[in-house]
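Report on the following structure.
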There are 6 protein chains.
Amino acid sequence: MSGPSSRPTSLDRLIDLALDEDLGAAGDVTTAALVPAGAMGRAELLAKEPMVLSGGGAFSRVFQRVDPEVEVRFEKAEGAALGRGEVAARLSGRLRSLLVAERTALNLVQRTCGIATLARAAAEAVKGSRTRILDTRKTAPGMRGLSKEAVRAGGASNHRFGLFDGVLIKDNHLAAVGGSIREALERARASAPRLVKVEVEVTTLEQLREAIDCGAQVVLLDNMDDARIRQAVEIASGRVELEVSGGVTLERLPALAALGVDYVSMGALTHSARAMDLSLEIEAAP
Amino acid sequence: MSGPSSRPTSLDRLIDLALDEDLGAAGDVTTAALVPAGAMGRAELLAKEPMVLSGGGAFSRVFQRVDPEVEVRFEKAEGAALGRGEVAARLSGRLRSLLVAERTALNLVQRTCGIATLARAAAEAVKGSRTRILDTRKTAPGMRGLSKEAVRAGGASNHRFGLFDGVLIKDNHLAAVGGSIREALERARASAPRLVKVEVEVTTLEQLREAIDCGAQVVLLDNMDDARIRQAVEIASGRVELEVSGGVTLERLPALAALGVDYVSMGALTHSARAMDLSLEIEAAP
Amino acid sequence: MSGPSSRPTSLDRLIDLALDEDLGAAGDVTTAALVPAGAMGRAELLAKEPMVLSGGGAFSRVFQRVDPEVEVRFEKAEGAALGRGEVAARLSGRLRSLLVAERTALNLVQRTCGIATLARAAAEAVKGSRTRILDTRKTAPGMRGLSKEAVRAGGASNHRFGLFDGVLIKDNHLAAVGGSIREALERARASAPRLVKVEVEVTTLEQLREAIDCGAQVVLLDNMDDARIRQAVEIASGRVELEVSGGVTLERLPALAALGVDYVSMGALTHSARAMDLSLEIEAAP
Amino acid sequence: MSGPSSRPTSLDRLIDLALDEDLGAAGDVTTAALVPAGAMGRAELLAKEPMVLSGGGAFSRVFQRVDPEVEVRFEKAEGAALGRGEVAARLSGRLRSLLVAERTALNLVQRTCGIATLARAAAEAVKGSRTRILDTRKTAPGMRGLSKEAVRAGGASNHRFGLFDGVLIKDNHLAAVGGSIREALERARASAPRLVKVEVEVTTLEQLREAIDCGAQVVLLDNMDDARIRQAVEIASGRVELEVSGGVTLERLPALAALGVDYVSMGALTHSARAMDLSLEIEAAP
Amino acid sequence: MSGPSSRPTSLDRLIDLALDEDLGAAGDVTTAALVPAGAMGRAELLAKEPMVLSGGGAFSRVFQRVDPEVEVRFEKAEGAALGRGEVAARLSGRLRSLLVAERTALNLVQRTCGIATLARAAAEAVKGSRTRILDTRKTAPGMRGLSKEAVRAGGASNHRFGLFDGVLIKDNHLAAVGGSIREALERARASAPRLVKVEVEVTTLEQLREAIDCGAQVVLLDNMDDARIRQAVEIASGRVELEVSGGVTLERLPALAALGVDYVSMGALTHSARAMDLSLEIEAAP
Amino acid sequence: MSGPSSRPTSLDRLIDLALDEDLGAAGDVTTAALVPAGAMGRAELLAKEPMVLSGGGAFSRVFQRVDPEVEVRFEKAEGAALGRGEVAARLSGRLRSLLVAERTALNLVQRTCGIATLARAAAEAVKGSRTRILDTRKTAPGMRGLSKEAVRAGGASNHRFGLFDGVLIKDNHLAAVGGSIREALERARASAPRLVKVEVEVTTLEQLREAIDCGAQVVLLDNMDDARIRQAVEIASGRVELEVSGGVTLERLPALAALGVDYVSMGALTHSARAMDLSLEIEAAP
């Protein structure tokens, strides 16, 4: 949820951390030496290559933390496609503030645009099928929320936010209850909060059958090849949602979509998206 | 500086932020439901592809924040090359704690190893020359310190840490003093702390000559082609250190080294390094 | 002290904690899915049963923390009696913000009104006598200040705020100086800050006499029956203030007031007041 | 999740807030004046009335925050029934530390035991039926997690933890989409994270039928009388889970259980539980 | 209150602030470059001139924050007189940790020893009389607690700690109630917490008489000369405690003591004490 | 860097700490009792003796933290000389807010003006020579930034801000590398960030020669007498900058300047400056 009605405590903590590590206790010694305190400036945020925009709110917030009087106006909306050379946003305010916040703000928005652009490519690769692309929890530290927003901006969907808003039973959890999927599902349903669903990870088709029999709501097929996945789809035949996970690349997506799985989750969306090339063109106001 | 004698306040802030966004206020509902509070476990941190290790201290610190009694012992040192399948570290402690901290710790170390591995490749590309590879301030928010350590672990060097520990005069700063490099250098020397050096960015050879005449200590050649850089090296002839910057790729490094520049800075080291594939193999203790 | 000239650091810490545990890192997923970011709304805070109002400032502050543009206007003052169905406050602002803050704000004000209502009943029970009702330090964690304000709003008085603004010598402290009230009073006067009074808790009339002789300023009669208390009042005969404490109920108050004690302190005012029934009637603005 | 493998950041924030408001910047002036720094002590936590124990972890944590060397050993487990006069825990450590932490620790545990005791009574009232008792989000600020633990300790179950781990569509959300339950459910499923269930609140049987037709997973029957609830159970006939909510008292529980609803949620469990009478008997070590 | 049984939250906040400003995000670059991580060291804290010791706890705490394994053992107690060249404390631990914490720890202890030394001189100047020396709230920001401890270590006494633990009615407060001392005292007694005393500042003997008539407990004589003070003492004749304040120097103290006032408060004790000369002699362990 | 374009995180932390220790959790009980919430006031900040102004931004910030609606307008600029009785600033706003913030704001500005005034005297003492006066890291905890600004306001210069923005090799560091200045300088240059200069402390002229030979950029002459310093200046003959340090007084400055050293650093500027006498004259608005 963006806009003034959200309450992004964790975003502010991340921005403060980034500003603190860039400014230290001594601040921007170059700007302090050379730019008069009263000088005003303007700036444009430019896309230097084609990309999908995301993270505008965080970009603006960096400038607000440095100086509440800097104005940032985005020309494009979250999720918009930007061509090379397009202006994403225009800024005005004290020249010192623009210079102080520049790098921290760019470091954020270059990453969120990178994620949104990759998510867009993945979503396009399965377009027209029933399959939806999901993200994972493999996000840069402190960027969970921004990364999940960028995934949605690109047109893909969110898996659970963290460890708290969904039960996902993995092999280690199964081992802790003696390997029994039934036992694991029963315990999870008994103690988990009531509005949280239960997903179980399986590596064999036998486990898949057991999970379906025991009333799992979602099953994650871990590192299976296409033949196995096809069998799994037949076994499930709609009684349970199926998620494919494990080393999925953009290239493999059309084939997975053709198999009819409900979800494909991709860690690379958030852990290895390349930073997009955006620059801030600053100039002193006349 | 790592080890107990450092005081990584900002690292703890980043780890807390990452744990908070993964655990929320409700915690790990799956582990709470399925893993007994008293169960103990062991784990191995495995390299799933060749890489350079960095970030072991941060990885360990995540587990300590979750549970001070988890023991993490690294088998390999910061900067070591890991082969596919090699064990980087062994852990033991409460099974719940291992599961709760797993993802947050991996999210950190996968990124730091990615940076170190890329820095190693860059350092190798200029080996034997006088040229040293430098990083930039284009780091993920909150990861400035970890990223700089990873760059050193890979064998490259650090540019300034932030805006506070070096004067770097860019075009916007020049514009603020009417474009005069002399004026900018004088003001910078007058007000900056005494142990901080002054670097100035130039885009023309005329500017380079002016900078040298005015006593700049380092000059950054911004986005120049090889021919220009060659002329710059001749002009400087050792009176000033030269740094090449702007869209530098691994492929271009040997040519730049051959030109005899002192430094080449690469934003990609920290803004676009791919996450390395590391996994944590957890098992219950017998 | 309420209003903009106070500096309720601890109130903000409590509100942030409450908002964080309700919103987590992922926020209000229902509102994000269903309520447009731009939708505006209005709301009324309604008393569903008769009560004394307290905590309006904290109620308003919750909305301000979520969204500084929400307007909250109280129709009734701190300490006012509300009838069933009366409107205590009117709100307007973004519909999302009203929904996000609703529960956290109600959780606060329902408790403060509960305390004020109970304090009013206690104050009424001793009306016309010299006896004043005091609260204790038995407050919900984080709600010390709000609870003390609610007690005053109800017409009762505040005992010390915490361990720092008054010396209260209990049996354990006496034991630490060998049981001597004289010794305890002398040490307390020697080292305590100069503007802080000294109160001593006694369980026997002998101790009361010793306390008076040694210059105690206030004496707490711990768990005495009415006969004993009557004797104590005679012994004191105005030379020292007397406080009655221990399992006091509303029913017992008139009798205690008739005995002529200066103070009766009641833990129940703050530890067991029932939450008042208040609701927020929200509607979309036309 | 309790024990050292949890990471109760929010619990520490609450405890620090409570200690800060009790100690201020000046600390415990009475103890500083009267109790020698080196004096050691022992203490027992005593139940002064029958109750169900909960919150032992938080109680211990208060002492650890004040002085990590205080030892707290609980004699009874979370959820155990305590008789009048039973010892719940034994403590030893510096006498000053015991005195400084006493009130803050008691303020916490008296409330959590109150909630657990009330939850036990409610759970007993529906024993043998299919109905389970649920809590709500009507918790004291900062005590969400402790309150939810106490509810489970008493034998009741948890509804969602906050606004982030479940979709609950109330009348205001419906109004925001023009009153259409279908529209609301579709939007919620489209944007909510994948492992979160969707519950919808209805006030009429027509709405209940629409919710079932549109695939709601849980339906909340808001403020219906027994006759209506009986009809709702028939209509649902197992296709959807039913939750009864609104002004439920202990007395009404057996009748509701007889109607065969799945859940009854009670705000009073957490908003109006009385503080249990527990005391800390401290004595100097010989 | 010092030692592990205290809970000096504000001290840790001050130390963290001091360490953060000295270390920034980049740390001690000299030590990182030159001192091996494993090197051990020893150190002595030496008095380079005669002084009264105070602040040993804070000095030790700085090293603990940097590295919990550094050991600090004080050879002299709080309040002890140190001769030139005397060893106040001995330290051992990692050499890096000793170097990193050195300046921050010295900056603290040099100031606290300065205050204690000046307080000792003031206390000596009134020795044998009934007069006690008081401090004020004129302390360096963040050093209120440390400064008050140093005053006591020197043998003087503490006035109120802050605005919260004592009522002190000054001219501005009087003006706010129309100048009536009676009105001010009544209002203060009605709303202030019960264990807090009431002091009133007067500038004339008429005001003094009014204050005594109205039951003030302490009266502050603001900027009066000796003749006036003598009259004030006669007027008071023991019915109220008298405090002299305003530009008091060490030289004037014996005369004030001879007049028989109860208290003399001196802002200079904490606002202008000179830093004592202490040094830390560090050497590598063999 | 002052003004709204700076981001003085650490200043706010210091101010909050100072306000918290003065207000505690209970606030200003005198003002709460006597001054109506709505009363407005005005105030003047008066110099009671001649001084150099510094710290106006921090002074204003204290009032803003207490009440953002208080207006503070400085009549004199940072670095201005104030005569006795001159008005430095005028304030208006809620009377309560003025009273609550008064002491904390004065405690700050009295210290910063003290430092600026002493720095001005030192700068005047070397006027006309090449020598510049430097500060040190001997600042009150939390006041590093404010102290450095005050030094500049007085006309002296800043040495490094902390341990992070300059390499200063002292005897302990030398010892850690076996006493070799060459070794120390090489290691420092190899690992320190690139824009940071290297200074080395020497106690003999032999060490000075070695430092110059090894390319040190600045050399600190530790505790040398005038004869030695004269020899050092001759040896250096402009190849390296020379800093004199150790027990320097105002009286010795002209002689040091005559010797031709580049810098003289004085710890007393920040560790022992006397607090200037400033008062806040508050009155209720008509």
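In the structure tokens, each chain is lettered A, B, ... as it comes, each chain's residues begin at 1, and ligands are numbered from 1 in order of appearance.
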
Please produce, as a tab-separated table, a per-residue contact table for chain E versus chain F (criterion: any atom at most 6 Å away, only C-alpha atoms considered), showing the nearest atom pair and its distance in Å to one decimal, sorted by chain then residue number.
```
residue	atom	partner	partner_atom	distance
E:Leu17	CA	F:Gly142	CA	5.5
E:Ala18	CA	F:Pro141	CA	4.9
E:Asp22	CA	F:Gly162	CA	4.3
E:Leu23	CA	F:Leu163	CA	5.4
E:Ala26	CA	F:Phe164	CA	5.6
E:Gly27	CA	F:Phe164	CA	5.2
E:Asp28	CA	F:Leu163	CA	4.6
E:Val29	CA	F:Phe164	CA	5.5
E:Thr30	CA	F:Val167	CA	5.0
E:Ala33	CA	F:Ala188	CA	5.3
E:Val35	CA	F:Ala176	CA	5.7
E:Asn107	CA	F:Lys138	CA	5.9
E:Lys138	CA	F:Asn107	CA	5.9
E:Pro141	CA	F:Ala18	CA	4.9
E:Gly142	CA	F:Ala18	CA	4.9
E:Gly162	CA	F:Asp22	CA	4.3
E:Leu163	CA	F:Asp28	CA	4.6
E:Phe164	CA	F:Asp28	CA	5.2
E:Val167	CA	F:Thr30	CA	5.0
E:Ala176	CA	F:Val35	CA	5.7
E:Ala188	CA	F:Ala33	CA	5.3
E:Ser191	CA	F:Ala33	CA	5.8
E:His271	CA	F:Ala275	CA	5.9
E:Ser272	CA	F:Arg274	CA	4.9
E:Arg274	CA	F:Ser272	CA	4.9
E:Ala275	CA	F:Ser272	CA	5.5
```

- Message: Show me, as a list in words, the residues that have an atom within 7 Å of C:Ala88 when counting only C-alpha atoms, minus same-chain residues fewer than 2 positions from it.
- Response: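 The neighbour list is Leu45, Leu46, Ala47, Phe74, Glu75, Lys76 and Glu86 of chain C.
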
With N, CA and C atoms retained, write the just-selected residues as a PDB file, in the first residue's frame.
```
ATOM      1  N   LEU C  45     -16.675   8.411  16.539  1.00  0.00           N
ATOM      2  CA  LEU C  45     -16.340   7.570  17.694  1.00  0.00           C
ATOM      3  C   LEU C  45     -17.535   7.614  18.636  1.00  0.00           C
ATOM      4  N   LEU C  46     -18.180   6.462  18.835  1.00  0.00           N
ATOM      5  CA  LEU C  46     -19.431   6.395  19.593  1.00  0.00           C
ATOM      6  C   LEU C  46     -19.258   5.669  20.911  1.00  0.00           C
ATOM      7  N   ALA C  47     -19.829   6.231  21.976  1.00  0.00           N
ATOM      8  CA  ALA C  47     -19.896   5.532  23.257  1.00  0.00           C
ATOM      9  C   ALA C  47     -21.074   4.571  23.201  1.00  0.00           C
ATOM     10  N   PHE C  74     -12.434  16.158  18.682  1.00  0.00           N
ATOM     11  CA  PHE C  74     -13.204  15.627  19.807  1.00  0.00           C
ATOM     12  C   PHE C  74     -14.349  16.578  20.152  1.00  0.00           C
ATOM     13  N   GLU C  75     -15.534  16.020  20.336  1.00  0.00           N
ATOM     14  CA  GLU C  75     -16.718  16.800  20.704  1.00  0.00           C
ATOM     15  C   GLU C  75     -16.812  16.967  22.213  1.00  0.00           C
ATOM     16  N   LYS C  76     -16.130  16.099  22.941  1.00  0.00           N
ATOM     17  CA  LYS C  76     -16.187  16.118  24.399  1.00  0.00           C
ATOM     18  C   LYS C  76     -14.777  16.245  24.950  1.00  0.00           C
ATOM     19  N   GLU C  86     -23.626   8.591  22.566  1.00  0.00           N
ATOM     20  CA  GLU C  86     -23.080   9.922  22.312  1.00  0.00           C
ATOM     21  C   GLU C  86     -21.836   9.841  21.425  1.00  0.00           C
TER      22      GLU C  86
END
```

- Which of these, B:Thr117, B:Thr9, B:Ser279, B:Gln217, has the shortest distance to B:Met51 once you count only C-alpha atoms?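 Using only C-alpha atoms, the shortest distance to B:Met51 belongs to B:Thr117.
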
- Message: What does the structure give for the distance between atom CA of E:Gly155 and atom CA of E:Ile115, in Å to one decimal?
- Response: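 Distance between the two atoms: 10.9 Å.
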
- Which value, in Å to one decimal, gives the distance between atom CA of C:Val66 and atom CA of A:Leu146?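 Interatomic distance, atom CA of C:Val66 to atom CA of A:Leu146: 18.9 Å.
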
- From the DSSP assignment of the backbone, select every residue of stretch 103-260 of chain B that is strand (DSSP E or B), and format the answer as a PyMOL selection string. chain B and resi 132-134+157+167-169+196+198-202+218-222+241-245

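Atom CA of F:Ala116 to atom CA of A:Met40 spans 29.5 Å [interatomic distance, one decimal].
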
Identify, on the basis of only C-alpha atoms, every residue whose closest approach to F:Asp12 does not exceed 10 Å; exclude the query and any residue fewer than 6 positions from it along the same chain; express the result as a PDB file with all heavy atoms, in the first residue's frame.
```
ATOM      1  N   ALA F  18      18.962  14.498  25.800  1.00  0.00           N
ATOM      2  CA  ALA F  18      18.959  15.581  26.778  1.00  0.00           C
ATOM      3  C   ALA F  18      17.532  15.885  27.248  1.00  0.00           C
ATOM      4  O   ALA F  18      17.293  16.096  28.437  1.00  0.00           O
ATOM      5  CB  ALA F  18      19.601  16.827  26.185  1.00  0.00           C
ATOM      6  N   ALA F  58      21.330  24.279  16.672  1.00  0.00           N
ATOM      7  CA  ALA F  58      21.012  23.289  17.693  1.00  0.00           C
ATOM      8  C   ALA F  58      20.043  23.864  18.727  1.00  0.00           C
ATOM      9  O   ALA F  58      19.115  23.191  19.174  1.00  0.00           O
ATOM     10  CB  ALA F  58      22.290  22.805  18.376  1.00  0.00           C
ATOM     11  N   ARG F  61      16.690  23.824  17.254  1.00  0.00           N
ATOM     12  CA  ARG F  61      16.213  22.450  17.084  1.00  0.00           C
ATOM     13  C   ARG F  61      15.606  21.901  18.374  1.00  0.00           C
ATOM     14  O   ARG F  61      14.667  21.111  18.334  1.00  0.00           O
ATOM     15  CB  ARG F  61      17.383  21.578  16.634  1.00  0.00           C
ATOM     16  CG  ARG F  61      17.024  20.170  16.246  1.00  0.00           C
ATOM     17  CD  ARG F  61      16.391  20.113  14.887  1.00  0.00           C
ATOM     18  NE  ARG F  61      15.988  18.758  14.531  1.00  0.00           N
ATOM     19  CZ  ARG F  61      14.914  18.485  13.807  1.00  0.00           C
ATOM     20  NH1 ARG F  61      14.152  19.455  13.331  1.00  0.00           N
ATOM     21  NH2 ARG F  61      14.599  17.248  13.517  1.00  0.00           N
ATOM     22  N   VAL F  62      16.158  22.291  19.520  1.00  0.00           N
ATOM     23  CA  VAL F  62      15.588  21.824  20.792  1.00  0.00           C
ATOM     24  C   VAL F  62      14.130  22.259  20.899  1.00  0.00           C
ATOM     25  O   VAL F  62      13.249  21.463  21.254  1.00  0.00           O
ATOM     26  CB  VAL F  62      16.383  22.365  21.992  1.00  0.00           C
ATOM     27  CG1 VAL F  62      15.684  22.012  23.299  1.00  0.00           C
ATOM     28  CG2 VAL F  62      17.806  21.828  21.988  1.00  0.00           C
ATOM     29  N   ARG F  65      11.904  20.233  18.591  1.00  0.00           N
ATOM     30  CA  ARG F  65      11.613  18.871  19.057  1.00  0.00           C
ATOM     31  C   ARG F  65      10.514  18.895  20.107  1.00  0.00           C
ATOM     32  O   ARG F  65       9.713  17.974  20.208  1.00  0.00           O
ATOM     33  CB  ARG F  65      12.856  18.220  19.671  1.00  0.00           C
ATOM     34  CG  ARG F  65      13.971  17.985  18.703  1.00  0.00           C
ATOM     35  CD  ARG F  65      13.655  17.018  17.617  1.00  0.00           C
ATOM     36  NE  ARG F  65      13.826  15.622  17.981  1.00  0.00           N
ATOM     37  CZ  ARG F  65      13.700  14.628  17.112  1.00  0.00           C
ATOM     38  NH1 ARG F  65      13.379  14.854  15.853  1.00  0.00           N
ATOM     39  NH2 ARG F  65      13.874  13.374  17.490  1.00  0.00           N
TER      40      ARG F  65
END
```
